[in-house]
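Engineer: Below is the file data11.pdb, with PDB, N, CA and C atoms.
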MODEL        1
ATOM      1  N   MET X   1      -4.218  85.045 -32.350
ATOM      2  CA  MET X   1      -3.861  84.268 -31.198
ATOM      3  C   MET X   1      -4.802  83.088 -31.103
ATOM      4  N   GLN X   2      -4.230  81.951 -30.766
ATOM      5  CA  GLN X   2      -5.066  80.779 -30.612
ATOM      6  C   GLN X   2      -5.364  80.571 -29.137
ATOM      7  N   PHE X   3      -6.538  80.028 -28.862
ATOM      8  CA  PHE X   3      -6.974  79.773 -27.504
ATOM      9  C   PHE X   3      -7.204  78.282 -27.381
ATOM     10  N   SER X   4      -6.288  77.587 -26.724
ATOM     11  CA  SER X   4      -6.398  76.129 -26.643
ATOM     12  C   SER X   4      -7.075  75.699 -25.353
ATOM     13  N   SER X   5      -7.557  74.463 -25.367
ATOM     14  CA  SER X   5      -8.220  73.941 -24.173
ATOM     15  C   SER X   5      -7.229  73.740 -23.033
ATOM     16  N   ALA X   6      -5.952  73.594 -23.343
ATOM     17  CA  ALA X   6      -4.941  73.456 -22.291
ATOM     18  C   ALA X   6      -4.871  74.726 -21.457
ATOM     19  N   GLN X   7      -5.247  75.854 -22.051
ATOM     20  CA  GLN X   7      -5.213  77.121 -21.343
ATOM     21  C   GLN X   7      -6.427  77.296 -20.437
ATOM     22  N   ALA X   8      -7.412  76.447 -20.582
ATOM     23  CA  ALA X   8      -8.651  76.598 -19.828
ATOM     24  C   ALA X   8      -8.435  76.525 -18.321
ATOM     25  N   SER X   9      -7.426  75.808 -17.882
ATOM     26  CA  SER X   9      -7.196  75.653 -16.456
ATOM     27  C   SER X   9      -6.412  76.826 -15.858
ATOM     28  N   ARG X  10      -5.856  77.686 -16.687
ATOM     29  CA  ARG X  10      -5.104  78.839 -16.196
ATOM     30  C   ARG X  10      -6.011  80.064 -16.162
ATOM     31  N   THR X  11      -5.622  81.039 -15.379
ATOM     32  CA  THR X  11      -6.431  82.248 -15.267
ATOM     33  C   THR X  11      -6.306  83.093 -16.540
ATOM     34  N   PRO X  12      -7.329  83.882 -16.837
ATOM     35  CA  PRO X  12      -7.235  84.780 -17.995
ATOM     36  C   PRO X  12      -6.030  85.718 -17.893
ATOM     37  N   GLU X  13      -5.717  86.166 -16.679
ATOM     38  CA  GLU X  13      -4.588  87.076 -16.482
ATOM     39  C   GLU X  13      -3.262  86.389 -16.805
ATOM     40  N   ALA X  14      -3.109  85.133 -16.383
ATOM     41  CA  ALA X  14      -1.864  84.400 -16.660
ATOM     42  C   ALA X  14      -1.694  84.160 -18.156
ATOM     43  N   ILE X  15      -2.780  83.817 -18.817
ATOM     44  CA  ILE X  15      -2.728  83.588 -20.264
ATOM     45  C   ILE X  15      -2.406  84.905 -20.978
ATOM     46  N   ALA X  16      -3.063  85.981 -20.565
ATOM     47  CA  ALA X  16      -2.834  87.285 -21.189
ATOM     48  C   ALA X  16      -1.401  87.757 -20.969
ATOM     49  N   LYS X  17      -0.865  87.500 -19.800
ATOM     50  CA  LYS X  17       0.514  87.897 -19.511
ATOM     51  C   LYS X  17       1.479  87.178 -20.455
ATOM     52  N   GLN X  18       1.274  85.889 -20.634
ATOM     53  CA  GLN X  18       2.139  85.119 -21.526
ATOM     54  C   GLN X  18       2.010  85.607 -22.976
ATOM     55  N   LYS X  19       0.800  85.859 -23.413
ATOM     56  CA  LYS X  19       0.586  86.319 -24.789
ATOM     57  C   LYS X  19       1.137  87.729 -24.997
ATOM     58  N   THR X  20       0.991  88.587 -23.991
ATOM     59  CA  THR X  20       1.551  89.936 -24.076
ATOM     60  C   THR X  20       3.061  89.860 -24.225
ATOM     61  N   TYR X  21       3.681  88.978 -23.461
ATOM     62  CA  TYR X  21       5.132  88.812 -23.540
ATOM     63  C   TYR X  21       5.543  88.349 -24.937
ATOM     64  N   LYS X  22       4.793  87.407 -25.507
ATOM     65  CA  LYS X  22       5.115  86.919 -26.851
ATOM     66  C   LYS X  22       4.988  88.033 -27.889
ATOM     67  N   ILE X  23       3.956  88.860 -27.750
ATOM     68  CA  ILE X  23       3.792  89.987 -28.677
ATOM     69  C   ILE X  23       4.930  90.986 -28.472
ATOM     70  N   HIS X  24       5.299  91.218 -27.215
ATOM     71  CA  HIS X  24       6.407  92.135 -26.912
ATOM     72  C   HIS X  24       7.706  91.631 -27.537
ATOM     73  N   GLU X  25       7.953  90.338 -27.460
ATOM     74  CA  GLU X  25       9.151  89.776 -28.087
ATOM     75  C   GLU X  25       9.122  89.984 -29.600
ATOM     76  N   LEU X  26       7.948  89.930 -30.168
ATOM     77  CA  LEU X  26       7.788  90.045 -31.615
ATOM     78  C   LEU X  26       7.980  91.476 -32.107
ATOM     79  N   VAL X  27       7.365  92.445 -31.423
ATOM     80  CA  VAL X  27       7.350  93.821 -31.933
ATOM     81  C   VAL X  27       7.899  94.870 -30.967
ATOM     82  N   VAL X  28       8.410  94.511 -29.823
ATOM     83  CA  VAL X  28       8.955  95.411 -28.809
ATOM     84  C   VAL X  28       7.972  96.533 -28.471
ATOM     85  N   LEU X  29       7.111  96.225 -27.528
ATOM     86  CA  LEU X  29       6.068  97.150 -27.083
ATOM     87  C   LEU X  29       6.606  98.182 -26.099
ATOM     88  N   THR X  30       6.028  99.367 -26.132
ATOM     89  CA  THR X  30       6.307 100.351 -25.091
ATOM     90  C   THR X  30       5.535  99.916 -23.838
ATOM     91  N   GLY X  31       5.804 100.543 -22.732
ATOM     92  CA  GLY X  31       5.072 100.229 -21.506
ATOM     93  C   GLY X  31       3.577 100.458 -21.654
ATOM     94  N   GLU X  32       3.217 101.553 -22.297
ATOM     95  CA  GLU X  32       1.804 101.872 -22.514
ATOM     96  C   GLU X  32       1.154 100.823 -23.423
ATOM     97  N   GLN X  33       1.869 100.411 -24.463
ATOM     98  CA  GLN X  33       1.344  99.386 -25.366
ATOM     99  C   GLN X  33       1.183  98.054 -24.630
ATOM    100  N   GLN X  34       2.171  97.706 -23.807
ATOM    101  CA  GLN X  34       2.078  96.460 -23.041
ATOM    102  C   GLN X  34       0.828  96.451 -22.189
ATOM    103  N   SER X  35       0.581  97.554 -21.521
ATOM    104  CA  SER X  35      -0.591  97.665 -20.656
ATOM    105  C   SER X  35      -1.878  97.521 -21.465
ATOM    106  N   GLY X  36      -1.953  98.182 -22.595
ATOM    107  CA  GLY X  36      -3.142  98.117 -23.435
ATOM    108  C   GLY X  36      -3.377  96.734 -24.008
ATOM    109  N   VAL X  37      -2.306  96.109 -24.501
ATOM    110  CA  VAL X  37      -2.419  94.759 -25.058
ATOM    111  C   VAL X  37      -2.844  93.788 -23.961
ATOM    112  N   PHE X  38      -2.239  93.913 -22.783
ATOM    113  CA  PHE X  38      -2.580  93.028 -21.670
ATOM    114  C   PHE X  38      -4.064  93.161 -21.319
ATOM    115  N   ARG X  39      -4.549  94.385 -21.189
ATOM    116  CA  ARG X  39      -5.968  94.592 -20.845
ATOM    117  C   ARG X  39      -6.885  94.004 -21.916
ATOM    118  N   ALA X  40      -6.528  94.199 -23.184
ATOM    119  CA  ALA X  40      -7.346  93.659 -24.282
ATOM    120  C   ALA X  40      -7.350  92.132 -24.241
ATOM    121  N   LEU X  41      -6.201  91.543 -23.965
ATOM    122  CA  LEU X  41      -6.107  90.084 -23.910
ATOM    123  C   LEU X  41      -6.852  89.515 -22.695
ATOM    124  N   VAL X  42      -6.765  90.179 -21.557
ATOM    125  CA  VAL X  42      -7.502  89.719 -20.373
ATOM    126  C   VAL X  42      -8.998  89.723 -20.673
ATOM    127  N   ASP X  43      -9.476  90.799 -21.268
ATOM    128  CA  ASP X  43     -10.894  90.899 -21.610
ATOM    129  C   ASP X  43     -11.301  89.754 -22.536
ATOM    130  N   ALA X  44     -10.508  89.513 -23.569
ATOM    131  CA  ALA X  44     -10.819  88.440 -24.525
ATOM    132  C   ALA X  44     -10.782  87.078 -23.833
ATOM    133  N   GLU X  45      -9.784  86.846 -23.013
ATOM    134  CA  GLU X  45      -9.657  85.556 -22.322
ATOM    135  C   GLU X  45     -10.811  85.326 -21.359
ATOM    136  N   GLU X  46     -11.232  86.372 -20.655
ATOM    137  CA  GLU X  46     -12.369  86.237 -19.741
ATOM    138  C   GLU X  46     -13.642  85.896 -20.510
ATOM    139  N   ASN X  47     -13.838  86.559 -21.638
ATOM    140  CA  ASN X  47     -15.021  86.286 -22.456
ATOM    141  C   ASN X  47     -14.989  84.871 -23.021
ATOM    142  N   ILE X  48     -13.833  84.435 -23.467
ATOM    143  CA  ILE X  48     -13.716  83.083 -24.027
ATOM    144  C   ILE X  48     -13.898  82.031 -22.932
ATOM    145  N   LYS X  49     -13.362  82.298 -21.760
ATOM    146  CA  LYS X  49     -13.531  81.351 -20.652
ATOM    147  C   LYS X  49     -15.021  81.195 -20.320
ATOM    148  N   ALA X  50     -15.734  82.299 -20.244
ATOM    149  CA  ALA X  50     -17.176  82.247 -19.960
ATOM    150  C   ALA X  50     -17.917  81.544 -21.092
ATOM    151  N   LEU X  51     -17.509  81.804 -22.300
ATOM    152  CA  LEU X  51     -18.141  81.192 -23.466
ATOM    153  C   LEU X  51     -17.928  79.679 -23.482
ATOM    154  N   ASN X  52     -16.734  79.247 -23.117
ATOM    155  CA  ASN X  52     -16.423  77.817 -23.132
ATOM    156  C   ASN X  52     -17.227  77.024 -22.105
ATOM    157  N   GLU X  53     -17.848  77.715 -21.172
ATOM    158  CA  GLU X  53     -18.681  77.042 -20.175
ATOM    159  C   GLU X  53     -20.083  76.735 -20.716
ATOM    160  N   LYS X  54     -20.385  77.248 -21.892
ATOM    161  CA  LYS X  54     -21.681  76.991 -22.527
ATOM    162  C   LYS X  54     -21.604  75.695 -23.318
ATOM    163  N   SER X  55     -22.733  75.135 -23.652
ATOM    164  CA  SER X  55     -22.739  73.851 -24.346
ATOM    165  C   SER X  55     -23.135  73.948 -25.815
ATOM    166  N   ASP X  56     -23.584  75.097 -26.255
ATOM    167  CA  ASP X  56     -24.017  75.278 -27.641
ATOM    168  C   ASP X  56     -22.798  75.550 -28.529
ATOM    169  N   ILE X  57     -22.316  74.509 -29.208
ATOM    170  CA  ILE X  57     -21.104  74.597 -30.012
ATOM    171  C   ILE X  57     -21.216  75.677 -31.091
ATOM    172  N   GLU X  58     -22.357  75.754 -31.730
ATOM    173  CA  GLU X  58     -22.540  76.752 -32.787
ATOM    174  C   GLU X  58     -22.414  78.168 -32.237
ATOM    175  N   ALA X  59     -23.023  78.407 -31.093
ATOM    176  CA  ALA X  59     -22.949  79.726 -30.471
ATOM    177  C   ALA X  59     -21.515  80.020 -30.026
ATOM    178  N   ILE X  60     -20.843  79.018 -29.498
ATOM    179  CA  ILE X  60     -19.454  79.194 -29.063
ATOM    180  C   ILE X  60     -18.597  79.643 -30.242
ATOM    181  N   GLN X  61     -18.728  78.959 -31.363
ATOM    182  CA  GLN X  61     -17.922  79.308 -32.537
ATOM    183  C   GLN X  61     -18.228  80.720 -33.032
ATOM    184  N   LYS X  62     -19.504  81.060 -33.061
ATOM    185  CA  LYS X  62     -19.914  82.391 -33.535
ATOM    186  C   LYS X  62     -19.356  83.480 -32.624
ATOM    187  N   TYR X  63     -19.568  83.338 -31.335
ATOM    188  CA  TYR X  63     -19.145  84.378 -30.411
ATOM    189  C   TYR X  63     -17.633  84.416 -30.232
ATOM    190  N   LYS X  64     -16.981  83.277 -30.347
ATOM    191  CA  LYS X  64     -15.523  83.262 -30.253
ATOM    192  C   LYS X  64     -14.934  84.057 -31.418
ATOM    193  N   ALA X  65     -15.495  83.906 -32.601
ATOM    194  CA  ALA X  65     -15.038  84.677 -33.766
ATOM    195  C   ALA X  65     -15.238  86.176 -33.519
ATOM    196  N   GLU X  66     -16.366  86.536 -32.911
ATOM    197  CA  GLU X  66     -16.627  87.948 -32.601
ATOM    198  C   GLU X  66     -15.636  88.478 -31.559
ATOM    199  N   ILE X  67     -15.357  87.682 -30.549
ATOM    200  CA  ILE X  67     -14.398  88.087 -29.511
ATOM    201  C   ILE X  67     -13.028  88.308 -30.130
ATOM    202  N   LEU X  68     -12.605  87.380 -30.975
ATOM    203  CA  LEU X  68     -11.292  87.497 -31.599
ATOM    204  C   LEU X  68     -11.234  88.680 -32.565
ATOM    205  N   SER X  69     -12.333  88.977 -33.231
ATOM    206  CA  SER X  69     -12.380  90.137 -34.124
ATOM    207  C   SER X  69     -12.245  91.435 -33.322
ATOM    208  N   ARG X  70     -12.962  91.522 -32.195
ATOM    209  CA  ARG X  70     -12.844  92.715 -31.331
ATOM    210  C   ARG X  70     -11.427  92.849 -30.774
ATOM    211  N   LEU X  71     -10.840  91.713 -30.389
ATOM    212  CA  LEU X  71      -9.468  91.735 -29.882
ATOM    213  C   LEU X  71      -8.528  92.260 -30.961
ATOM    214  N   ASN X  72      -8.699  91.773 -32.169
ATOM    215  CA  ASN X  72      -7.854  92.215 -33.272
ATOM    216  C   ASN X  72      -7.985  93.724 -33.492
ATOM    217  N   ASP X  73      -9.209  94.229 -33.430
ATOM    218  CA  ASP X  73      -9.431  95.667 -33.588
ATOM    219  C   ASP X  73      -8.738  96.461 -32.482
ATOM    220  N   LYS X  74      -8.824  95.969 -31.252
ATOM    221  CA  LYS X  74      -8.175  96.654 -30.133
ATOM    222  C   LYS X  74      -6.661  96.665 -30.308
ATOM    223  N   ILE X  75      -6.103  95.524 -30.677
ATOM    224  CA  ILE X  75      -4.647  95.435 -30.847
ATOM    225  C   ILE X  75      -4.197  96.331 -31.994
ATOM    226  N   LYS X  76      -4.980  96.393 -33.044
ATOM    227  CA  LYS X  76      -4.653  97.258 -34.179
ATOM    228  C   LYS X  76      -4.580  98.720 -33.727
ATOM    229  N   GLY X  77      -5.466  99.108 -32.815
ATOM    230  CA  GLY X  77      -5.463 100.475 -32.305
ATOM    231  C   GLY X  77      -4.319 100.770 -31.350
ATOM    232  N   ILE X  78      -3.715  99.738 -30.785
ATOM    233  CA  ILE X  78      -2.637  99.910 -29.821
ATOM    234  C   ILE X  78      -1.266  99.921 -30.511
ATOM    235  N   LEU X  79      -1.099  99.043 -31.464
ATOM    236  CA  LEU X  79       0.185  98.909 -32.146
ATOM    237  C   LEU X  79       0.349  99.968 -33.230
ATOM    238  N   THR X  80       1.599 100.241 -33.575
ATOM    239  CA  THR X  80       1.867 101.100 -34.723
ATOM    240  C   THR X  80       1.548 100.298 -35.989
ATOM    241  N   PRO X  81       1.380 100.960 -37.135
ATOM    242  CA  PRO X  81       1.108 100.210 -38.367
ATOM    243  C   PRO X  81       2.172  99.148 -38.676
ATOM    244  N   ASP X  82       3.441  99.472 -38.476
ATOM    245  CA  ASP X  82       4.502  98.493 -38.731
ATOM    246  C   ASP X  82       4.436  97.323 -37.753
ATOM    247  N   GLN X  83       4.173  97.608 -36.484
ATOM    248  CA  GLN X  83       4.045  96.547 -35.483
ATOM    249  C   GLN X  83       2.862  95.645 -35.826
ATOM    250  N   TYR X  84       1.766  96.260 -36.212
ATOM    251  CA  TYR X  84       0.564  95.499 -36.523
ATOM    252  C   TYR X  84       0.800  94.587 -37.724
ATOM    253  N   LYS X  85       1.499  95.084 -38.709
ATOM    254  CA  LYS X  85       1.827  94.281 -39.892
ATOM    255  C   LYS X  85       2.652  93.057 -39.490
ATOM    256  N   THR X  86       3.636  93.249 -38.626
ATOM    257  CA  THR X  86       4.461  92.136 -38.134
ATOM    258  C   THR X  86       3.614  91.165 -37.324
ATOM    259  N   TYR X  87       2.748  91.695 -36.488
ATOM    260  CA  TYR X  87       1.856  90.875 -35.666
ATOM    261  C   TYR X  87       0.957  90.011 -36.550
ATOM    262  N   LEU X  88       0.338  90.620 -37.570
ATOM    263  CA  LEU X  88      -0.533  89.862 -38.476
ATOM    264  C   LEU X  88       0.240  88.782 -39.219
ATOM    265  N   ALA X  89       1.455  89.103 -39.644
ATOM    266  CA  ALA X  89       2.279  88.113 -40.349
ATOM    267  C   ALA X  89       2.566  86.919 -39.444
ATOM    268  N   SER X  90       2.796  87.178 -38.158
ATOM    269  CA  SER X  90       3.055  86.067 -37.233
ATOM    270  C   SER X  90       1.820  85.205 -37.035
ATOM    271  N   LEU X  91       0.637  85.826 -37.012
ATOM    272  CA  LEU X  91      -0.606  85.066 -36.892
ATOM    273  C   LEU X  91      -0.821  84.197 -38.128
ATOM    274  N   GLU X  92      -0.561  84.767 -39.281
ATOM    275  CA  GLU X  92      -0.722  84.004 -40.521
ATOM    276  C   GLU X  92       0.239  82.822 -40.548
ATOM    277  N   GLU X  93       1.448  83.039 -40.077
ATOM    278  CA  GLU X  93       2.448  81.963 -40.031
ATOM    279  C   GLU X  93       1.983  80.852 -39.083
ATOM    280  N   LYS X  94       1.429  81.224 -37.939
ATOM    281  CA  LYS X  94       0.911  80.239 -36.987
ATOM    282  C   LYS X  94      -0.237  79.431 -37.592
ATOM    283  N   ASN X  95      -1.096  80.109 -38.339
ATOM    284  CA  ASN X  95      -2.260  79.441 -38.936
ATOM    285  C   ASN X  95      -1.868  78.471 -40.034
ATOM    286  N   LYS X  96      -0.706  78.664 -40.627
ATOM    287  CA  LYS X  96      -0.228  77.743 -41.661
ATOM    288  C   LYS X  96       0.220  76.419 -41.070
ATOM    289  N   LYS X  97       0.626  76.459 -39.813
ATOM    290  CA  LYS X  97       1.162  75.251 -39.166
ATOM    291  C   LYS X  97       0.068  74.279 -38.803
TER     292      LYS X  97
ENDMDL
END
Kindly present the structure from the file in C-alpha cells form.
Structural biologist:
Amino acid sequence: MQFSSAQASRTPEAIAKQKTYKIHELVVLTGEQQSGVFRALVDAEENIKALNEKSDIEAIQKYKAEILSRLNDKIKGILTPDQYKTYLASLEEKNKK
C-alpha cells in the first residue's frame, strides 16, 4: 500500500477504511478479516502520520519501511495464503506503474 501526502489531511481511520475496502474488493474478506485488516491499517496510518511530523528524512524513510514491513506481516497473518498471494500481486502491479 502506498501512503501519499494527499492522504495526510485525512484521518488514519478514513484512510484505513478506504484501503480495507480496496483489499476487500480484491480478495473478498470475511467480517473478521475486514476487522483485522482495518485495525492493522489504522495502526500503520497512525504511525506514519506521527512519523511524517518529524523532519529527519532519513529516519522517516527507515521507520516508514519498518512500519510497512510490520503491516505486511500482520496482513499476511490475517489473509489466507491464496488471498495474500493475490494481495501481493496487486502491490507489485501498483509498484510497476
Engineer: Need the shell around Leu68 of chain X: protein/DNA/RNA residues with any atom at most 12 Å away, counting only C-alpha atoms. Skip same-chain ones fewer than 5 positions apart. Format as a compact mmCIF listing (two decimals) with N, CA and C atoms, keeping the file's coordinate frame?
Structural biologist:
# COMPACT_ATOMS: atom_id res chain seq x y z
N MET X 1 -4.22 85.04 -32.35
CA MET X 1 -3.86 84.27 -31.20
C MET X 1 -4.80 83.09 -31.10
N GLN X 2 -4.23 81.95 -30.77
CA GLN X 2 -5.07 80.78 -30.61
C GLN X 2 -5.36 80.57 -29.14
N PHE X 3 -6.54 80.03 -28.86
CA PHE X 3 -6.97 79.77 -27.50
C PHE X 3 -7.20 78.28 -27.38
N ALA X 40 -6.53 94.20 -23.18
CA ALA X 40 -7.35 93.66 -24.28
C ALA X 40 -7.35 92.13 -24.24
N LEU X 41 -6.20 91.54 -23.96
CA LEU X 41 -6.11 90.08 -23.91
C LEU X 41 -6.85 89.52 -22.70
N ASP X 43 -9.48 90.80 -21.27
CA ASP X 43 -10.89 90.90 -21.61
C ASP X 43 -11.30 89.75 -22.54
N ALA X 44 -10.51 89.51 -23.57
CA ALA X 44 -10.82 88.44 -24.52
C ALA X 44 -10.78 87.08 -23.83
N GLU X 45 -9.78 86.85 -23.01
CA GLU X 45 -9.66 85.56 -22.32
C GLU X 45 -10.81 85.33 -21.36
N GLU X 46 -11.23 86.37 -20.66
CA GLU X 46 -12.37 86.24 -19.74
C GLU X 46 -13.64 85.90 -20.51
N ASN X 47 -13.84 86.56 -21.64
CA ASN X 47 -15.02 86.29 -22.46
C ASN X 47 -14.99 84.87 -23.02
N ILE X 48 -13.83 84.44 -23.47
CA ILE X 48 -13.72 83.08 -24.03
C ILE X 48 -13.90 82.03 -22.93
N ILE X 60 -20.84 79.02 -29.50
CA ILE X 60 -19.45 79.19 -29.06
C ILE X 60 -18.60 79.64 -30.24
N GLN X 61 -18.73 78.96 -31.36
CA GLN X 61 -17.92 79.31 -32.54
C GLN X 61 -18.23 80.72 -33.03
N LYS X 62 -19.50 81.06 -33.06
CA LYS X 62 -19.91 82.39 -33.53
C LYS X 62 -19.36 83.48 -32.62
N TYR X 63 -19.57 83.34 -31.34
CA TYR X 63 -19.14 84.38 -30.41
C TYR X 63 -17.63 84.42 -30.23
N ASP X 73 -9.21 94.23 -33.43
CA ASP X 73 -9.43 95.67 -33.59
C ASP X 73 -8.74 96.46 -32.48
N LYS X 74 -8.82 95.97 -31.25
CA LYS X 74 -8.18 96.65 -30.13
C LYS X 74 -6.66 96.66 -30.31
N ILE X 75 -6.10 95.52 -30.68
CA ILE X 75 -4.65 95.44 -30.85
C ILE X 75 -4.20 96.33 -31.99
Engineer: Name the residues that the PyMOL selection byres (((chain X and resi 35 and name CA) around 12) and name CA) pulls out of this structure, and write them as a PyMOL selection string.
Structural biologist: chain X and resi 16-17+20-21+23-24+29-34+36-42+75+78-79
Engineer: Restricting the output to N, CA and C atoms, write the selected residues as a short mmCIF file (atom, residue, chain, number, x, y, z; two decimals), keeping the file's coordinate frame.
Structural biologist:
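As a result, again_3.cif now contains:
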data_model
loop_
_atom_site.label_atom_id
_atom_site.label_comp_id
_atom_site.auth_asym_id
_atom_site.auth_seq_id
_atom_site.Cartn_x
_atom_site.Cartn_y
_atom_site.Cartn_z
N ALA X 16 -3.06 85.98 -20.56
CA ALA X 16 -2.83 87.28 -21.19
C ALA X 16 -1.40 87.76 -20.97
N LYS X 17 -0.86 87.50 -19.80
CA LYS X 17 0.51 87.90 -19.51
C LYS X 17 1.48 87.18 -20.45
N THR X 20 0.99 88.59 -23.99
CA THR X 20 1.55 89.94 -24.08
C THR X 20 3.06 89.86 -24.22
N TYR X 21 3.68 88.98 -23.46
CA TYR X 21 5.13 88.81 -23.54
C TYR X 21 5.54 88.35 -24.94
N ILE X 23 3.96 88.86 -27.75
CA ILE X 23 3.79 89.99 -28.68
C ILE X 23 4.93 90.99 -28.47
N HIS X 24 5.30 91.22 -27.22
CA HIS X 24 6.41 92.14 -26.91
C HIS X 24 7.71 91.63 -27.54
N LEU X 29 7.11 96.22 -27.53
CA LEU X 29 6.07 97.15 -27.08
C LEU X 29 6.61 98.18 -26.10
N THR X 30 6.03 99.37 -26.13
CA THR X 30 6.31 100.35 -25.09
C THR X 30 5.54 99.92 -23.84
N GLY X 31 5.80 100.54 -22.73
CA GLY X 31 5.07 100.23 -21.51
C GLY X 31 3.58 100.46 -21.65
N GLU X 32 3.22 101.55 -22.30
CA GLU X 32 1.80 101.87 -22.51
C GLU X 32 1.15 100.82 -23.42
N GLN X 33 1.87 100.41 -24.46
CA GLN X 33 1.34 99.39 -25.37
C GLN X 33 1.18 98.05 -24.63
N GLN X 34 2.17 97.71 -23.81
CA GLN X 34 2.08 96.46 -23.04
C GLN X 34 0.83 96.45 -22.19
N GLY X 36 -1.95 98.18 -22.60
CA GLY X 36 -3.14 98.12 -23.44
C GLY X 36 -3.38 96.73 -24.01
N VAL X 37 -2.31 96.11 -24.50
CA VAL X 37 -2.42 94.76 -25.06
C VAL X 37 -2.84 93.79 -23.96
N PHE X 38 -2.24 93.91 -22.78
CA PHE X 38 -2.58 93.03 -21.67
C PHE X 38 -4.06 93.16 -21.32
N ARG X 39 -4.55 94.38 -21.19
CA ARG X 39 -5.97 94.59 -20.84
C ARG X 39 -6.88 94.00 -21.92
N ALA X 40 -6.53 94.20 -23.18
CA ALA X 40 -7.35 93.66 -24.28
C ALA X 40 -7.35 92.13 -24.24
N LEU X 41 -6.20 91.54 -23.96
CA LEU X 41 -6.11 90.08 -23.91
C LEU X 41 -6.85 89.52 -22.70
N VAL X 42 -6.76 90.18 -21.56
CA VAL X 42 -7.50 89.72 -20.37
C VAL X 42 -9.00 89.72 -20.67
N ILE X 75 -6.10 95.52 -30.68
CA ILE X 75 -4.65 95.44 -30.85
C ILE X 75 -4.20 96.33 -31.99
N ILE X 78 -3.72 99.74 -30.78
CA ILE X 78 -2.64 99.91 -29.82
C ILE X 78 -1.27 99.92 -30.51
N LEU X 79 -1.10 99.04 -31.46
CA LEU X 79 0.18 98.91 -32.15
C LEU X 79 0.35 99.97 -33.23
#
Engineer: What is the distance between atom N of Lys96 of chain X and atom C of Tyr84 of chain X, in Å to one decimal?
Structural biologist: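 Those two atoms sit 16.3 Å apart.
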Engineer: What is the distance, in Å and to one decimal place, between atom C of Ile57 of chain X and atom N of Tyr87 of chain X?
Structural biologist: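 Distance between the two atoms: 29.3 Å.
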Engineer: Kindly complete segment 16-21 of chain X to all heavy atoms; the output should be written as a PDB file, in the frame of the given file.
Structural biologist:
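Output file out-v3.pdb follows:
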ATOM      1  N   ALA X  16      -3.063  85.981 -20.565  1.00  0.00           N
ATOM      2  CA  ALA X  16      -2.834  87.285 -21.189  1.00  0.00           C
ATOM      3  C   ALA X  16      -1.401  87.757 -20.969  1.00  0.00           C
ATOM      4  O   ALA X  16      -0.786  88.332 -21.877  1.00  0.00           O
ATOM      5  CB  ALA X  16      -3.817  88.317 -20.632  1.00  0.00           C
ATOM      6  N   LYS X  17      -0.865  87.500 -19.800  1.00  0.00           N
ATOM      7  CA  LYS X  17       0.514  87.897 -19.511  1.00  0.00           C
ATOM      8  C   LYS X  17       1.479  87.178 -20.455  1.00  0.00           C
ATOM      9  O   LYS X  17       2.381  87.800 -21.012  1.00  0.00           O
ATOM     10  CB  LYS X  17       0.858  87.569 -18.057  1.00  0.00           C
ATOM     11  CG  LYS X  17       2.227  88.025 -17.629  1.00  0.00           C
ATOM     12  CD  LYS X  17       2.457  87.756 -16.154  1.00  0.00           C
ATOM     13  CE  LYS X  17       3.829  88.218 -15.729  1.00  0.00           C
ATOM     14  NZ  LYS X  17       4.066  87.972 -14.301  1.00  0.00           N
ATOM     15  N   GLN X  18       1.274  85.889 -20.634  1.00  0.00           N
ATOM     16  CA  GLN X  18       2.139  85.119 -21.526  1.00  0.00           C
ATOM     17  C   GLN X  18       2.010  85.607 -22.976  1.00  0.00           C
ATOM     18  O   GLN X  18       3.004  85.766 -23.675  1.00  0.00           O
ATOM     19  CB  GLN X  18       1.791  83.635 -21.440  1.00  0.00           C
ATOM     20  CG  GLN X  18       2.655  82.769 -22.333  1.00  0.00           C
ATOM     21  CD  GLN X  18       2.252  81.305 -22.269  1.00  0.00           C
ATOM     22  OE1 GLN X  18       1.150  80.959 -21.831  1.00  0.00           O
ATOM     23  NE2 GLN X  18       3.132  80.437 -22.705  1.00  0.00           N
ATOM     24  N   LYS X  19       0.800  85.859 -23.413  1.00  0.00           N
ATOM     25  CA  LYS X  19       0.586  86.319 -24.789  1.00  0.00           C
ATOM     26  C   LYS X  19       1.137  87.729 -24.997  1.00  0.00           C
ATOM     27  O   LYS X  19       1.688  88.038 -26.050  1.00  0.00           O
ATOM     28  CB  LYS X  19      -0.890  86.251 -25.150  1.00  0.00           C
ATOM     29  CG  LYS X  19      -1.370  84.825 -25.301  1.00  0.00           C
ATOM     30  CD  LYS X  19      -2.830  84.768 -25.672  1.00  0.00           C
ATOM     31  CE  LYS X  19      -3.264  83.323 -25.842  1.00  0.00           C
ATOM     32  NZ  LYS X  19      -4.644  83.203 -26.271  1.00  0.00           N
ATOM     33  N   THR X  20       0.991  88.587 -23.991  1.00  0.00           N
ATOM     34  CA  THR X  20       1.551  89.936 -24.076  1.00  0.00           C
ATOM     35  C   THR X  20       3.061  89.860 -24.225  1.00  0.00           C
ATOM     36  O   THR X  20       3.654  90.566 -25.046  1.00  0.00           O
ATOM     37  CB  THR X  20       1.178  90.769 -22.834  1.00  0.00           C
ATOM     38  OG1 THR X  20      -0.247  90.854 -22.735  1.00  0.00           O
ATOM     39  CG2 THR X  20       1.768  92.170 -22.904  1.00  0.00           C
ATOM     40  N   TYR X  21       3.681  88.978 -23.461  1.00  0.00           N
ATOM     41  CA  TYR X  21       5.132  88.812 -23.540  1.00  0.00           C
ATOM     42  C   TYR X  21       5.543  88.349 -24.937  1.00  0.00           C
ATOM     43  O   TYR X  21       6.514  88.854 -25.509  1.00  0.00           O
ATOM     44  CB  TYR X  21       5.616  87.821 -22.475  1.00  0.00           C
ATOM     45  CG  TYR X  21       7.106  87.608 -22.527  1.00  0.00           C
ATOM     46  CD1 TYR X  21       7.979  88.584 -22.050  1.00  0.00           C
ATOM     47  CD2 TYR X  21       7.637  86.446 -23.064  1.00  0.00           C
ATOM     48  CE1 TYR X  21       9.348  88.403 -22.120  1.00  0.00           C
ATOM     49  CE2 TYR X  21       9.015  86.258 -23.129  1.00  0.00           C
ATOM     50  CZ  TYR X  21       9.862  87.235 -22.653  1.00  0.00           C
ATOM     51  OH  TYR X  21      11.221  87.054 -22.726  1.00  0.00           O
TER      52      TYR X  21
END
